[in-house]
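Participant: Input file: input-v8.csv. Contents: CSV, C-alpha atoms and all ligand atoms.
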chain,number,residue,atom,x,y,z
A,1404,MET,CA,135.4,89.3,-107.8
A,1405,ALA,CA,132.6,87.8,-109.9
A,1406,SER,CA,131.5,84.4,-108.7
A,1407,SER,CA,129.2,82.1,-110.7
A,1408,VAL,CA,126.4,80.0,-109.3
A,1409,ALA,CA,128.5,76.9,-110.2
A,1410,ASP,CA,131.3,78.2,-108.0
A,1411,ASP,CA,128.9,78.7,-105.2
A,1412,THR,CA,127.7,75.1,-105.2
A,1413,ALA,CA,131.2,74.1,-104.2
A,1414,ILE,CA,131.0,76.0,-100.9
A,1415,SER,CA,130.4,73.7,-98.0
A,1416,PRO,CA,127.2,74.4,-95.9
A,1417,ASN,CA,129.5,75.4,-93.0
A,1418,GLN,CA,131.2,78.1,-95.0
A,1419,ARG,CA,128.0,79.3,-96.6
A,1420,LEU,CA,126.6,79.9,-93.1
A,1421,TRP,CA,129.0,82.9,-92.7
A,1422,THR,CA,128.1,84.6,-96.0
A,1423,PRO,CA,124.3,84.6,-96.4
A,1424,TRP,CA,124.3,88.2,-97.6
A,1425,ARG,CA,126.2,87.0,-100.7
A,1426,MET,CA,123.4,84.9,-102.0
A,1427,ALA,CA,121.6,87.6,-103.9
A,1428,TYR,CA,125.0,88.5,-105.5
A,1429,VAL,CA,126.0,85.0,-106.5
A,1430,THR,CA,122.6,84.1,-107.9
A,1431,GLY,CA,122.8,87.2,-110.1
A,1432,THR,CA,120.0,89.3,-108.6
A,1433,ALA,CA,120.9,92.9,-109.8
A,1434,GLU,CA,119.6,96.0,-108.0
A,1435,PRO,CA,118.2,98.5,-110.6
A,1436,GLY,CA,119.8,101.9,-110.6
A,1437,CYS,CA,122.9,103.0,-108.6
A,1438,VAL,CA,123.4,101.2,-105.3
A,1439,PHE,CA,124.9,104.3,-103.6
A,1440,CYS,CA,122.1,106.6,-104.8
A,1441,ASN,CA,119.5,104.0,-103.8
A,1442,ALA,CA,121.0,103.7,-100.3
A,1443,LEU,CA,121.1,107.5,-100.0
A,1444,ALA,CA,117.4,107.8,-101.0
A,1445,SER,CA,116.4,105.0,-98.6
A,1446,ASN,CA,115.0,105.9,-95.2
A,1447,ASP,CA,116.3,102.6,-93.7
A,1448,ASP,CA,119.9,103.2,-92.8
A,1449,VAL,CA,120.2,99.8,-91.0
A,1450,GLY,CA,118.9,98.0,-94.1
A,1451,SER,CA,121.1,99.9,-96.5
A,1452,LEU,CA,124.1,99.6,-94.1
A,1453,ILE,CA,124.7,103.4,-93.8
A,1454,VAL,CA,126.6,104.2,-90.6
A,1455,HIS,CA,126.8,108.0,-91.0
A,1456,ARG,CA,125.3,110.8,-93.2
A,1457,GLY,CA,127.1,114.0,-93.5
A,1458,VAL,CA,126.4,117.2,-95.5
A,1459,TYR,CA,128.1,116.2,-98.8
A,1460,ALA,CA,129.0,112.6,-98.2
A,1461,PHE,CA,128.0,109.4,-96.3
A,1462,VAL,CA,129.7,106.3,-95.0
A,1463,ILE,CA,128.4,102.8,-95.7
A,1464,LEU,CA,129.4,99.3,-94.9
A,1465,ASN,CA,130.3,97.2,-98.0
A,1466,LEU,CA,127.8,94.5,-98.6
A,1467,TYR,CA,130.6,92.4,-100.3
A,1468,PRO,CA,133.5,93.2,-98.0
A,1469,TYR,CA,137.1,92.4,-98.8
A,1470,ASN,CA,137.6,92.1,-95.0
A,1471,THR,CA,135.5,92.5,-91.9
A,1472,GLY,CA,134.6,96.2,-91.3
A,1473,HIS,CA,135.2,97.3,-94.9
A,1474,LEU,CA,133.6,100.8,-95.2
A,1475,MET,CA,133.2,103.1,-98.1
A,1476,VAL,CA,133.1,106.9,-98.0
A,1477,VAL,CA,130.7,108.1,-100.7
A,1478,PRO,CA,129.8,111.5,-102.0
A,1479,ASN,CA,126.1,112.3,-102.2
A,1480,ALA,CA,126.7,113.5,-105.8
A,1481,HIS,CA,126.6,110.8,-108.4
A,1482,VAL,CA,129.9,111.5,-110.2
A,1483,ARG,CA,132.7,109.4,-111.7
A,1484,ASP,CA,135.7,111.7,-111.0
A,1485,PRO,CA,136.9,113.7,-108.0
A,1486,ALA,CA,137.3,116.7,-110.2
A,1487,ALA,CA,133.5,116.8,-110.6
A,1488,LEU,CA,133.0,117.1,-106.8
A,1489,SER,CA,132.6,120.3,-104.9
A,1490,SER,CA,135.5,121.3,-102.8
A,1491,GLY,CA,133.2,120.9,-99.8
A,1492,ALA,CA,132.5,117.3,-100.8
A,1493,ARG,CA,136.2,116.6,-101.2
A,1494,ALA,CA,137.0,118.1,-97.9
A,1495,GLU,CA,134.3,116.2,-96.1
A,1496,MET,CA,135.4,112.9,-97.6
A,1497,ALA,CA,138.9,113.5,-96.4
A,1498,GLU,CA,137.7,114.3,-92.9
A,1499,LEU,CA,135.4,111.3,-92.8
A,1500,THR,CA,138.2,109.0,-94.0
A,1501,ALA,CA,140.5,110.2,-91.3
A,1502,SER,CA,137.9,109.9,-88.5
A,1503,PHE,CA,136.6,106.5,-89.6
A,1504,CYS,CA,140.2,105.2,-89.8
A,1505,THR,CA,140.6,106.1,-86.1
A,1506,GLY,CA,137.2,104.6,-85.4
A,1507,LEU,CA,137.9,101.3,-87.1
A,1508,ARG,CA,141.2,100.9,-85.2
A,1509,LEU,CA,139.2,101.2,-82.0
A,1510,VAL,CA,136.2,99.2,-83.0
A,1511,MET,CA,137.8,96.4,-85.1
A,1512,GLY,CA,141.2,96.3,-83.3
A,1513,CYS,CA,142.9,96.1,-86.8
A,1514,ASP,CA,146.6,96.3,-87.2
A,1515,GLY,CA,146.5,98.4,-90.4
A,1516,LEU,CA,144.1,99.8,-93.0
A,1517,ASN,CA,144.0,100.0,-96.8
A,1518,ILE,CA,142.5,103.3,-98.2
A,1519,GLY,CA,141.9,103.7,-101.9
A,1520,MET,CA,139.7,104.7,-104.8
A,1521,ASN,CA,139.4,102.8,-108.1
A,1522,LEU,CA,138.4,105.3,-110.8
A,1523,GLY,CA,136.8,103.6,-113.8
A,1524,SER,CA,136.2,99.9,-114.4
A,1525,ALA,CA,139.7,99.5,-116.0
A,1526,ALA,CA,141.1,100.4,-112.6
A,1527,GLY,CA,138.9,97.8,-110.8
A,1528,ALA,CA,135.8,99.9,-109.8
A,1529,GLY,CA,132.7,97.7,-109.4
A,1530,ILE,CA,130.5,100.8,-109.5
A,1531,ALA,CA,132.4,103.2,-111.8
A,1532,ASP,CA,129.7,105.8,-112.2
A,1533,HIS,CA,129.6,106.8,-108.5
A,1534,LEU,CA,133.0,107.2,-107.1
A,1535,HIS,CA,133.7,105.9,-103.6
A,1536,GLN,CA,136.7,105.6,-101.2
A,1537,HIS,CA,137.4,102.2,-99.7
A,1538,ILE,CA,138.6,101.8,-96.1
A,1539,VAL,CA,139.6,98.2,-95.5
A,1540,PRO,CA,140.8,97.0,-92.0
A,1541,ARG,CA,143.8,94.7,-92.1
A,1542,TRP,CA,145.2,92.3,-89.6
A,1543,THR,CA,148.7,90.9,-89.6
A,1544,GLY,CA,148.6,87.7,-91.6
A,1545,ASP,CA,145.0,88.1,-92.7
A,1546,ALA,CA,145.9,87.4,-96.4
A,1547,ASN,CA,147.4,84.1,-95.4
A,1548,PHE,CA,144.9,82.5,-93.1
A,1549,MET,CA,141.6,83.7,-94.5
A,1550,PRO,CA,140.3,81.0,-96.9
A,1551,ILE,CA,139.4,82.0,-100.4
A,1552,VAL,CA,136.2,80.6,-101.7
A,1553,GLY,CA,135.0,81.3,-105.3
A,1554,GLY,CA,137.2,84.3,-105.4
A,1555,THR,CA,135.7,85.9,-102.3
A,1556,LYS,CA,137.0,85.7,-98.7
A,1557,VAL,CA,134.9,84.0,-96.1
A,1558,LEU,CA,134.6,86.4,-93.2
A,1559,PRO,CA,134.4,85.5,-89.6
A,1560,GLU,CA,131.6,87.8,-88.6
A,1561,LEU,CA,128.0,88.6,-89.9
A,1562,LEU,CA,127.4,92.0,-91.3
A,1563,PRO,CA,124.7,93.0,-88.8
A,1564,ALA,CA,127.2,92.5,-85.9
A,1565,THR,CA,129.9,94.6,-87.7
A,1566,TYR,CA,127.3,97.3,-88.5
A,1567,ALA,CA,126.3,97.5,-84.8
A,1568,LYS,CA,129.9,97.8,-83.6
A,1569,ILE,CA,130.6,100.7,-85.9
A,1570,ARG,CA,127.2,102.4,-85.5
A,1571,ALA,CA,127.5,102.2,-81.7
A,1572,GLU,CA,130.8,104.1,-81.9
A,1573,VAL,CA,129.4,106.7,-84.3
A,1574,ALA,CA,126.4,107.2,-81.9
A,1575,ARG,CA,128.7,107.4,-78.9
A,1576,GLN,CA,130.9,110.1,-80.4
A,1577,LYS,CA,128.1,112.1,-82.1
A,1578,PHE,CA,126.1,112.4,-78.9
A,1579,ALA,CA,128.9,112.2,-76.4
A,1580,ALA,CA,127.0,109.3,-74.9
A,1581,GLY,CA,128.2,108.1,-71.5
A,1582,SER,CA,126.3,104.9,-71.6
A,1583,VAL,CA,124.9,102.2,-73.9
A,1584,ILE,CA,121.5,100.4,-73.8
A,1585,VAL,CA,121.9,96.6,-73.6
A,1586,LEU,CA,119.2,94.4,-75.0
A,1587,LEU,CA,119.7,90.9,-73.7
A,1588,MET,CA,117.4,88.6,-75.7
A,1589,ALA,CA,116.8,84.9,-75.2
A,1590,PRO,CA,118.4,82.9,-78.0
A,1591,ASP,CA,114.8,82.1,-79.4
A,1592,ARG,CA,114.0,85.8,-78.9
A,1593,SER,CA,111.0,84.9,-76.6
A,1594,GLY,CA,112.3,87.0,-73.7
A,1595,VAL,CA,114.4,90.0,-72.7
A,1596,CYS,CA,116.3,91.0,-69.5
A,1597,LEU,CA,115.0,94.1,-67.6
A,1598,SER,CA,116.7,96.1,-64.9
A,1599,ASP,CA,114.2,98.0,-62.7
A,1600,GLU,CA,111.5,97.9,-65.4
A,1601,ALA,CA,113.9,99.3,-68.0
A,1602,LEU,CA,116.5,98.0,-70.4
A,1603,PRO,CA,119.9,97.7,-68.6
A,1604,ARG,CA,122.4,100.5,-69.3
A,1605,LEU,CA,126.2,100.2,-69.0
A,1606,PRO,CA,128.7,103.1,-68.8
A,1607,VAL,CA,131.1,103.3,-71.7
A,1608,ALA,CA,134.8,104.2,-71.4
A,1609,SER,CA,136.5,106.5,-74.0
A,1610,ASP,CA,139.4,104.1,-74.5
A,1611,THR,CA,137.4,101.0,-75.2
A,1612,SER,CA,134.9,100.4,-78.0
A,1613,VAL,CA,131.2,100.3,-77.0
A,1614,TRP,CA,130.7,96.7,-78.1
A,1615,ARG,CA,133.7,95.4,-76.3
A,1616,THR,CA,132.7,97.2,-73.1
A,1617,VAL,CA,129.3,95.5,-73.3
A,1618,LEU,CA,130.5,92.0,-74.0
A,1619,ASN,CA,133.2,92.2,-71.4
A,1620,ALA,CA,130.6,93.2,-68.8
A,1621,ILE,CA,128.1,90.5,-69.8
A,1622,ALA,CA,130.4,87.5,-70.4
A,1623,PRO,CA,130.9,86.7,-66.7
A,1624,GLN,CA,127.1,86.3,-66.3
A,1625,ALA,CA,126.5,84.4,-69.6
A,1626,ALA,CA,126.6,80.7,-70.5
A,1627,ALA,CA,126.5,82.0,-74.0
A,1628,CYS,CA,126.3,85.5,-75.6
A,1629,GLU,CA,126.5,86.8,-79.1
A,1630,LEU,CA,126.2,90.3,-80.6
A,1631,LEU,CA,123.1,90.3,-82.9
A,1632,GLY,CA,123.1,93.8,-84.2
A,1633,TRP,CA,122.1,97.4,-83.7
A,1634,GLY,CA,119.1,98.0,-81.5
A,1635,GLY,CA,118.7,101.7,-81.9
A,1636,ALA,CA,116.7,103.8,-84.5
A,1637,SER,CA,117.3,103.0,-88.1
A,1638,SER,CA,118.0,106.6,-89.1
A,1639,THR,CA,121.5,107.9,-88.6
A,1640,VAL,CA,120.1,111.5,-88.6
A,1641,SER,CA,118.5,112.5,-85.3
A,1642,ASP,CA,117.8,115.8,-83.7
A,1643,ALA,CA,117.6,114.3,-80.3
A,1644,ALA,CA,120.6,112.8,-78.5
A,1645,GLU,CA,120.3,109.0,-78.7
A,1646,LEU,CA,122.1,106.4,-76.7
A,1647,PRO,CA,123.8,103.5,-78.6
A,1648,ALA,CA,121.8,100.3,-78.3
A,1649,LEU,CA,123.1,96.8,-78.9
A,1650,ALA,CA,121.0,93.6,-79.2
A,1651,ILE,CA,122.6,90.5,-77.8
A,1652,SER,CA,121.6,86.9,-77.8
A,1653,PHE,CA,122.0,85.9,-74.2
A,1654,THR,CA,121.8,82.7,-72.1
A,1655,PRO,CA,122.5,83.4,-68.4
A,1656,SER,CA,124.9,81.2,-66.6
A,1657,VAL,CA,123.4,78.9,-63.9
A,1658,ALA,CA,124.8,81.3,-61.2
A,1659,ALA,CA,123.2,84.4,-62.9
A,1660,THR,CA,119.7,83.0,-63.6
A,1661,ALA,CA,118.4,84.6,-60.4
A,1662,THR,CA,119.6,88.1,-61.2
A,1663,CYS,CA,119.1,88.0,-65.0
A,1664,ARG,CA,115.5,87.0,-65.2
A,1665,LEU,CA,114.1,86.9,-68.8
A,1666,TRP,CA,110.7,88.6,-69.2
A,1667,SER,CA,108.4,87.6,-72.0
A,1668,LEU,CA,108.3,90.2,-74.8
A,1669,GLY,CA,104.6,91.0,-73.9
A,1670,GLU,CA,105.5,91.6,-70.2
A,1671,ALA,CA,108.5,93.7,-71.2
A,1672,GLY,CA,106.5,95.7,-73.6
A,1673,SER,CA,104.0,96.7,-71.0
A,1674,LEU,CA,106.6,97.5,-68.4
A,1675,LEU,CA,109.2,99.5,-70.4
A,1676,PRO,CA,109.2,103.3,-70.8
A,1677,ASP,CA,108.5,104.5,-74.4
A,1678,ASP,CA,112.1,104.9,-75.5
A,1679,ASP,CA,113.1,101.5,-74.3
A,1680,ARG,CA,110.0,99.9,-75.9
A,1681,ALA,CA,111.0,101.4,-79.2
A,1682,VAL,CA,114.5,99.8,-78.9
A,1683,LEU,CA,112.8,96.4,-78.1
A,1684,LEU,CA,110.5,96.7,-81.1
A,1685,ASN,CA,113.5,97.6,-83.3
A,1686,ALA,CA,115.3,94.5,-82.2
A,1687,VAL,CA,112.3,92.2,-82.5
A,1688,SER,CA,111.7,93.5,-86.0
A,1689,ARG,CA,115.3,92.9,-87.0
A,1690,PHE,CA,116.3,89.8,-85.2
A,1691,ALA,CA,113.2,87.8,-84.1
B,1,ZN,ZN,124.9,107.1,-107.7
Can the structure from this file be put into structure tokens for me?
Facilitator:
Amino acid sequence: MASSVADDTAISPNQRLWTPWRMAYVTGTAEPGCVFCNALASNDDVGSLIVHRGVYAFVILNLYPYNTGHLMVVPNAHVRDPAALSSGARAEMAELTASFCTGLRLVMGCDGLNIGMNLGSAAGAGIADHLHQHIVPRWTGDANFMPIVGGTKVLPELLPATYAKIRAEVARQKFAAGSVIVLLMAPDRSGVCLSDEALPRLPVASDTSVWRTVLNAIAPQAAACELLGWGGASSTVSDAAELPALAISFTPSVAATATCRLWSLGEAGSLLPDDDRAVLLNAVSRFA
């Protein structure tokens, strides 16, 4: 998987656009300590790509995915071997693997999944000291059409969008949420759509992923729309029920400009109730 700086200079600007998160990796910037322990200790779950924290284990999006939606189920304990885990940790990892396989099928629409653990660097583990279980979505033919650049696949989606899709599903199931907050932002992030002085809500169906429900509802009113990322709180651990929130770059169609008025961020901030203002501030801090 290692890629040198020399390899990277051969990537065309167009291809590099899709993999900006790899730049720290290919230029050799190493994170001190264990990346999994660092993520677990962080209080920014969005920044560290954690989508779920359990009792003995957590689930994190791979910063260097083999395929879009590549997750890892990781025990909280920094151990190399499954035998060193508590039975509770092993049981929770098995449960998380099963439920996130189901979730990835719904969210990513994948045709199959690879599940596996590489124990020790001889077996291919990149981080051998802290074991982790990979869950990699697969699509029929993906090994054939995805271009290989410098030993790493170029992926068709940015990580913040993938994170938001998965996080929205986790939040929906965790809190049995019946609706999703939709943050429609101007492409230059100067404005946002309101509905009755609040952020619009959409009902979610149980048989469709949250993100697909949102984009299907918005597309008819949009000249252009693109999922930017997660608009909710950073922490995956919350005592209070929390609606999923998705931030979307939105340009209304000519026909929809009258009903989808964009308010300036200042106007919106003064009109919105506190919960919605927090969502707006999250999105501005992440995507503006
Ligand atoms: Zn560790």
Participant: Counting only C-alpha atoms and all ligand atoms, name the residues that have an atom within 9 Å of an atom of ligand ZN 1 (chain B); the answer should be given as a list in words.
Facilitator: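 Protein and nucleic-acid residues within 9 Å of ligand ZN 1 (chain B): Gly1436, Cys1437, Val1438, Phe1439, Cys1440, Asn1441, Leu1443, Pro1478, Asn1479, Ala1480, His1481, Val1482, Ile1530, Asp1532, His1533 and Leu1534 of chain A.
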Participant: Within 6 Å of (122.0, 89.0, -76.2) in the file's own coordinates, which protein, DNA or RNA residues have an atom, counting only C-alpha atoms? List them as a PyMOL selection string.
Facilitator: chain A and resi 1587-1588+1628-1629+1650-1653
Participant: For region 1539-1547 of chain A, list every protein, DNA or RNA residue within 10 Å, evaluated using all atoms listed in the file, and leave out those in the same chain fewer than 3 positions away; present the list as a list in words.
Facilitator: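 That gives Asn1465, Pro1468, Tyr1469, Asn1470, Thr1471, Gly1472, His1473, Leu1474, Met1475, Cys1504, Leu1507, Arg1508, Met1511, Gly1512, Cys1513, Asp1514, Gly1515, Leu1516, Asn1517, Ile1518, Gly1519, Gln1536, Pro1550, Ile1551 and Lys1556 of chain A.
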Participant: So that I can see what lies close to Ser1598 (chain A), please list as number ranges by chain the residues with an atom at most 10 Å from it, counting all atoms listed in the file and leaving out residues fewer than 5 positions away in the same chain.
Facilitator: A: 1603-1604, 1662-1664, 1675
Participant: Please provide the set of residues having any atom within 6 Å of Ser1582 (chain A), restricted to all atoms listed in the file, with same-chain residues fewer than 2 positions apart removed, written as a count of residues only.
Facilitator: 4
Participant: Name the closest residue to Leu1668 (chain A) among the candidates A:Val1595, A:Thr1639, A:Ile1621, A:Asp1610; distances are taken between atoms, counting only C-alpha atoms.
Facilitator: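 Between A:Val1595, A:Thr1639, A:Ile1621, A:Asp1610, the residue approaching Leu1668 (chain A) most closely is A:Val1595.
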Participant: Go through A:Asn1446, A:Ser1489, A:Gln1576, A:Thr1500 and flag the residue nearest Pro1647 (chain A), using all atoms listed in the file for the distances.
Facilitator: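 Counting all atoms listed in the file, the residue closest to Pro1647 (chain A) is A:Gln1576.
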Participant: So the first atom is CA of Glu1645 (chain A) and the second is CA of Ile1453 (chain A); what is the distance between them in Å, to one decimal place?
Facilitator: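 Distance between the two atoms: 16.7 Å.
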Participant: What lies within 10 Å of Trp1666 (chain A) using only C-alpha atoms, ignoring chain neighbours under 4 positions off, as a PyMOL selection string?
Facilitator: chain A and resi 1588-1589+1593-1597+1670-1672+1674
Participant: Which distance in Å separates CA of Ala1564 (chain A) and CA of Ser1656 (chain A), to one decimal?
Facilitator: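 Between CA of Ala1564 (chain A) and CA of Ser1656 (chain A) the gap is 22.5 Å.
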Participant: Between A:Pro1563, A:Gly1529, A:Gly1506, A:Pro1485, which one has atoms that come closest to Gly1634 (chain A), using only C-alpha atoms?
Facilitator: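 Among the listed residues, A:Pro1563 lies closest to Gly1634 (chain A).
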Participant: Do you have the CA of Thr1616 (chain A)-CA of Pro1676 (chain A) distance handy?
Facilitator: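 Separation between CA of Thr1616 (chain A) and CA of Pro1676 (chain A): 24.4 Å.
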Participant: With distances taken over only C-alpha atoms, which residue among A:Gln1624, A:Ser1637, A:Gly1669, A:Leu1466 lies nearest Arg1689 (chain A)?
Facilitator: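 Smallest distance to Arg1689 (chain A) is found for A:Ser1637.
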Participant: Extract, using all atoms listed in the file, all DNA, RNA and protein residues at most 9 Å from Val1573 (chain A), discarding same-chain residues fewer than 4 positions from it, and format them as a ChimeraX atom specification.
Facilitator: /A:1454-1455,1503,1506,1568-1569,1577-1578,1647
Participant: Measuring atom to atom with all atoms listed in the file, identify which of A:Ala1661, A:Ala1627, A:Ala1494, A:Leu1464 is nearest to Leu1561 (chain A).
Facilitator: A:Leu1464
Participant: Write region 1672-1682 of chain A as a PDB file, in the coordinates of the input, completed to all heavy atoms.
Facilitator:
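Below is the file that was written, rebuild14.pdb:
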ATOM      1  N   GLY A1672     107.129  94.640 -72.899  1.00  0.00           N
ATOM      2  CA  GLY A1672     106.500  95.700 -73.600  1.00  0.00           C
ATOM      3  C   GLY A1672     105.596  96.578 -72.768  1.00  0.00           C
ATOM      4  O   GLY A1672     105.503  97.800 -72.929  1.00  0.00           O
ATOM      5  N   SER A1673     104.913  95.926 -71.822  1.00  0.00           N
ATOM      6  CA  SER A1673     104.000  96.700 -71.000  1.00  0.00           C
ATOM      7  C   SER A1673     104.693  97.390 -69.837  1.00  0.00           C
ATOM      8  O   SER A1673     104.169  98.357 -69.285  1.00  0.00           O
ATOM      9  CB  SER A1673     102.904  95.731 -70.423  1.00  0.00           C
ATOM     10  OG  SER A1673     103.496  94.775 -69.574  1.00  0.00           O
ATOM     11  N   LEU A1674     105.889  96.937 -69.480  1.00  0.00           N
ATOM     12  CA  LEU A1674     106.600  97.500 -68.400  1.00  0.00           C
ATOM     13  C   LEU A1674     107.546  98.674 -68.794  1.00  0.00           C
ATOM     14  O   LEU A1674     107.783  99.621 -68.042  1.00  0.00           O
ATOM     15  CB  LEU A1674     107.468  96.474 -67.648  1.00  0.00           C
ATOM     16  CG  LEU A1674     106.718  95.429 -66.821  1.00  0.00           C
ATOM     17  CD1 LEU A1674     107.669  94.314 -66.408  1.00  0.00           C
ATOM     18  CD2 LEU A1674     106.100  96.081 -65.581  1.00  0.00           C
ATOM     19  N   LEU A1675     108.083  98.579 -70.009  1.00  0.00           N
ATOM     20  CA  LEU A1675     109.200  99.500 -70.400  1.00  0.00           C
ATOM     21  C   LEU A1675     108.652 100.902 -70.686  1.00  0.00           C
ATOM     22  O   LEU A1675     107.546 101.087 -71.204  1.00  0.00           O
ATOM     23  CB  LEU A1675     109.837  98.964 -71.686  1.00  0.00           C
ATOM     24  CG  LEU A1675     110.687  97.704 -71.543  1.00  0.00           C
ATOM     25  CD1 LEU A1675     111.138  97.214 -72.921  1.00  0.00           C
ATOM     26  CD2 LEU A1675     111.899  97.981 -70.660  1.00  0.00           C
ATOM     27  N   PRO A1676     109.471 101.926 -70.387  1.00  0.00           N
ATOM     28  CA  PRO A1676     109.200 103.300 -70.800  1.00  0.00           C
ATOM     29  C   PRO A1676     109.222 103.347 -72.373  1.00  0.00           C
ATOM     30  O   PRO A1676     109.806 102.470 -73.013  1.00  0.00           O
ATOM     31  CB  PRO A1676     110.255 104.144 -70.197  1.00  0.00           C
ATOM     32  CG  PRO A1676     111.346 103.201 -69.833  1.00  0.00           C
ATOM     33  CD  PRO A1676     110.722 101.851 -69.626  1.00  0.00           C
ATOM     34  N   ASP A1677     108.633 104.398 -72.949  1.00  0.00           N
ATOM     35  CA  ASP A1677     108.500 104.500 -74.400  1.00  0.00           C
ATOM     36  C   ASP A1677     109.774 104.300 -75.179  1.00  0.00           C
ATOM     37  O   ASP A1677     109.831 103.574 -76.170  1.00  0.00           O
ATOM     38  CB  ASP A1677     107.814 105.801 -74.801  1.00  0.00           C
ATOM     39  CG  ASP A1677     106.347 105.844 -74.390  1.00  0.00           C
ATOM     40  OD1 ASP A1677     105.814 104.783 -73.998  1.00  0.00           O
ATOM     41  OD2 ASP A1677     105.752 106.931 -74.451  1.00  0.00           O
ATOM     42  N   ASP A1678     110.837 104.996 -74.736  1.00  0.00           N
ATOM     43  CA  ASP A1678     112.100 104.900 -75.500  1.00  0.00           C
ATOM     44  C   ASP A1678     112.641 103.505 -75.518  1.00  0.00           C
ATOM     45  O   ASP A1678     113.121 103.037 -76.554  1.00  0.00           O
ATOM     46  CB  ASP A1678     113.161 105.834 -74.812  1.00  0.00           C
ATOM     47  CG  ASP A1678     112.869 107.306 -75.054  1.00  0.00           C
ATOM     48  OD1 ASP A1678     111.856 107.596 -75.730  1.00  0.00           O
ATOM     49  OD2 ASP A1678     113.644 108.145 -74.571  1.00  0.00           O
ATOM     50  N   ASP A1679     112.555 102.825 -74.371  1.00  0.00           N
ATOM     51  CA  ASP A1679     113.100 101.500 -74.300  1.00  0.00           C
ATOM     52  C   ASP A1679     112.176 100.504 -75.106  1.00  0.00           C
ATOM     53  O   ASP A1679     112.660  99.552 -75.716  1.00  0.00           O
ATOM     54  CB  ASP A1679     113.165 100.984 -72.859  1.00  0.00           C
ATOM     55  CG  ASP A1679     114.377 101.576 -72.148  1.00  0.00           C
ATOM     56  OD1 ASP A1679     115.023 102.454 -72.742  1.00  0.00           O
ATOM     57  OD2 ASP A1679     114.668 101.153 -71.021  1.00  0.00           O
ATOM     58  N   ARG A1680     110.868 100.768 -75.091  1.00  0.00           N
ATOM     59  CA  ARG A1680     110.000  99.900 -75.900  1.00  0.00           C
ATOM     60  C   ARG A1680     110.299 100.027 -77.356  1.00  0.00           C
ATOM     61  O   ARG A1680     110.261  99.045 -78.098  1.00  0.00           O
ATOM     62  CB  ARG A1680     108.508 100.291 -75.615  1.00  0.00           C
ATOM     63  CG  ARG A1680     107.528  99.266 -76.199  1.00  0.00           C
ATOM     64  CD  ARG A1680     106.059  99.625 -75.961  1.00  0.00           C
ATOM     65  NE  ARG A1680     105.776  99.842 -74.558  1.00  0.00           N
ATOM     66  CZ  ARG A1680     105.401 101.025 -74.041  1.00  0.00           C
ATOM     67  NH1 ARG A1680     105.253 102.069 -74.828  1.00  0.00           N
ATOM     68  NH2 ARG A1680     105.182 101.151 -72.755  1.00  0.00           N
ATOM     69  N   ALA A1681     110.666 101.239 -77.798  1.00  0.00           N
ATOM     70  CA  ALA A1681     111.000 101.400 -79.200  1.00  0.00           C
ATOM     71  C   ALA A1681     112.280 100.606 -79.549  1.00  0.00           C
ATOM     72  O   ALA A1681     112.362  99.993 -80.624  1.00  0.00           O
ATOM     73  CB  ALA A1681     111.282 102.909 -79.495  1.00  0.00           C
ATOM     74  N   VAL A1682     113.246 100.567 -78.628  1.00  0.00           N
ATOM     75  CA  VAL A1682     114.500  99.800 -78.900  1.00  0.00           C
ATOM     76  C   VAL A1682     114.094  98.282 -78.941  1.00  0.00           C
ATOM     77  O   VAL A1682     114.569  97.555 -79.823  1.00  0.00           O
ATOM     78  CB  VAL A1682     115.487 100.012 -77.719  1.00  0.00           C
ATOM     79  CG1 VAL A1682     116.639  99.014 -77.798  1.00  0.00           C
ATOM     80  CG2 VAL A1682     116.015 101.438 -77.790  1.00  0.00           C
TER      81      VAL A1682
END
